[in-house]
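Peer 1: Before we start, here is the structure in question, set down as structure tokens.
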Amino acid sequence: MTESVRLRPPTNRLNPRCLAWWRVRFALVVLPLTLVVAVLGVLLVPALLILAAAIGVVGSAVSVLLPAWWYRVHRWEVTDRAVYTRTGYFWQEWRVAPMSRIQTVDTARGPLQQLFRLATVTVTTASAKGAVEIAGLDAQLASSLAEELTETTQATPGDAT
């Protein structure tokens, strides 16, 4: 008789460098937007300078506070039976992917992730909910985790459907 895999809180935090990665991603949206609105304020409508300041202040606050909150919430764990994740900020999502249901394991590293030596591991299952992602892992850890998951799923009985 096999034991069922139950949803439970994962234990591992993401790499602390993900805080800087998330903050830079926010800055790459907030700074250009603030700059465009400020230039329009200088050239066309001075009242837009107030909007530019508001965008800058709110954007800066969000880029500091949300990543700190995400870092406290986001968790992951891999056991010999399943992959567990918890993500989200206002609405949190807990996911479990049993090893017998895993179809593929991928890693990805965008330009900013490469800069911060981070990576994302994507575990694809037959679930209608979609793949389970663990973003913000140390790049070396992500590589070894993908290798470990691939070996474990190949040795796990089941048809991954």
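Each chain in the structure tokens gets a letter, A, B, ..., in the order shown, and its residues are numbered from 1; ligands are numbered from 1 in order too.
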Compile a residue-level contact table for region 34-65 of chain A against region 16-30 of chain A at a cut-off of 9 Å, reporting for every qualifying residue the shortest atom pair and its distance in Å to one decimal, with only C-alpha atoms counted, rows ordered by chain and ascending number, as a tab-separated table.
Peer 2:
```
residue	atom	partner	partner_atom	distance
A:Thr34	CA	A:Val30	CA	6.0
A:Leu35	CA	A:Val30	CA	8.5
A:Ile55	CA	A:Val30	CA	7.2
A:Gly56	CA	A:Val30	CA	6.7
A:Gly59	CA	A:Val30	CA	5.7
A:Ser60	CA	A:Ala27	CA	7.6
A:Val62	CA	A:Phe26	CA	8.1
A:Ser63	CA	A:Arg23	CA	5.2
A:Val64	CA	A:Arg23	CA	6.5
```
Peer 1: Grab the residues selected above and save them as a compact mmCIF listing (two decimals), in the first residue's frame with N, CA, C and O atoms.
Peer 2:
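Listed below is the output, selection.txt:
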```
# COMPACT_ATOMS: atom_id res chain seq x y z
N THR A 34 8.48 56.70 -14.67
CA THR A 34 8.64 57.97 -13.96
C THR A 34 9.34 59.00 -14.84
O THR A 34 8.92 60.16 -14.92
N LEU A 35 10.39 58.57 -15.52
CA LEU A 35 11.14 59.47 -16.40
C LEU A 35 10.28 59.99 -17.55
O LEU A 35 10.29 61.19 -17.84
N ILE A 55 4.40 58.46 -8.88
CA ILE A 55 4.81 57.17 -9.44
C ILE A 55 6.16 56.75 -8.86
O ILE A 55 6.35 55.60 -8.48
N GLY A 56 7.08 57.70 -8.76
CA GLY A 56 8.40 57.40 -8.21
C GLY A 56 8.34 56.97 -6.76
O GLY A 56 8.99 56.00 -6.36
N GLY A 59 6.24 53.63 -6.52
CA GLY A 59 7.03 52.58 -7.15
C GLY A 59 8.23 52.17 -6.30
O GLY A 59 8.56 50.99 -6.20
N SER A 60 8.88 53.15 -5.71
CA SER A 60 10.03 52.85 -4.84
C SER A 60 9.60 52.06 -3.61
O SER A 60 10.26 51.09 -3.22
N VAL A 62 6.92 50.15 -3.30
CA VAL A 62 6.52 48.81 -3.73
C VAL A 62 7.74 47.95 -4.03
O VAL A 62 7.80 46.77 -3.67
N SER A 63 8.75 48.55 -4.68
CA SER A 63 9.93 47.77 -5.05
C SER A 63 10.76 47.35 -3.83
O SER A 63 11.55 46.42 -3.93
N VAL A 64 10.58 48.01 -2.71
CA VAL A 64 11.26 47.61 -1.49
C VAL A 64 10.40 46.64 -0.67
O VAL A 64 10.90 45.62 -0.20
```
Peer 1: For the structure I just gave you, how does DSSP split region 34-116 of chain A - specifically, which residues are strand (DSSP E or B)? Reply as a list of chain:residue names.
Peer 2: A:Arg75, A:Trp76, A:Glu77, A:Val78, A:Ala82, A:Val83, A:Tyr84, A:Thr85, A:Arg86, A:Thr87, A:Gly88, A:Gln92, A:Glu93, A:Trp94, A:Arg95, A:Val96, A:Ala97, A:Pro98, A:Ile102, A:Gln103, A:Thr104, A:Val105, A:Asp106, A:Thr107, A:Ala108
Peer 1: Going by DSSP on the backbone, which bits of region 31-154 of chain A are helix (DSSP H, G or I)? Write them as JSON, numbers by chain, please.
Peer 2: {"A": [31, 32, 33, 34, 35, 36, 37, 38, 39, 40, 41, 42, 43, 48, 49, 50, 51, 52, 53, 54, 55, 56, 57, 58, 59, 60, 61, 62, 63, 64, 65, 66, 67, 68, 69, 70, 71, 72, 73, 99, 100, 101, 111, 112, 113, 114, 115, 139, 140, 141, 142, 143, 144, 145, 146, 147, 148, 149, 150, 151, 152, 153, 154]}
Peer 1: Counting only C-alpha atoms, figure out which residue out of A:Gln103, A:Asn15, A:Thr87, A:Thr156 gets nearest to Ser127 (chain A).
Peer 2: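 The answer is A:Gln103, which sits nearest to Ser127 (chain A).
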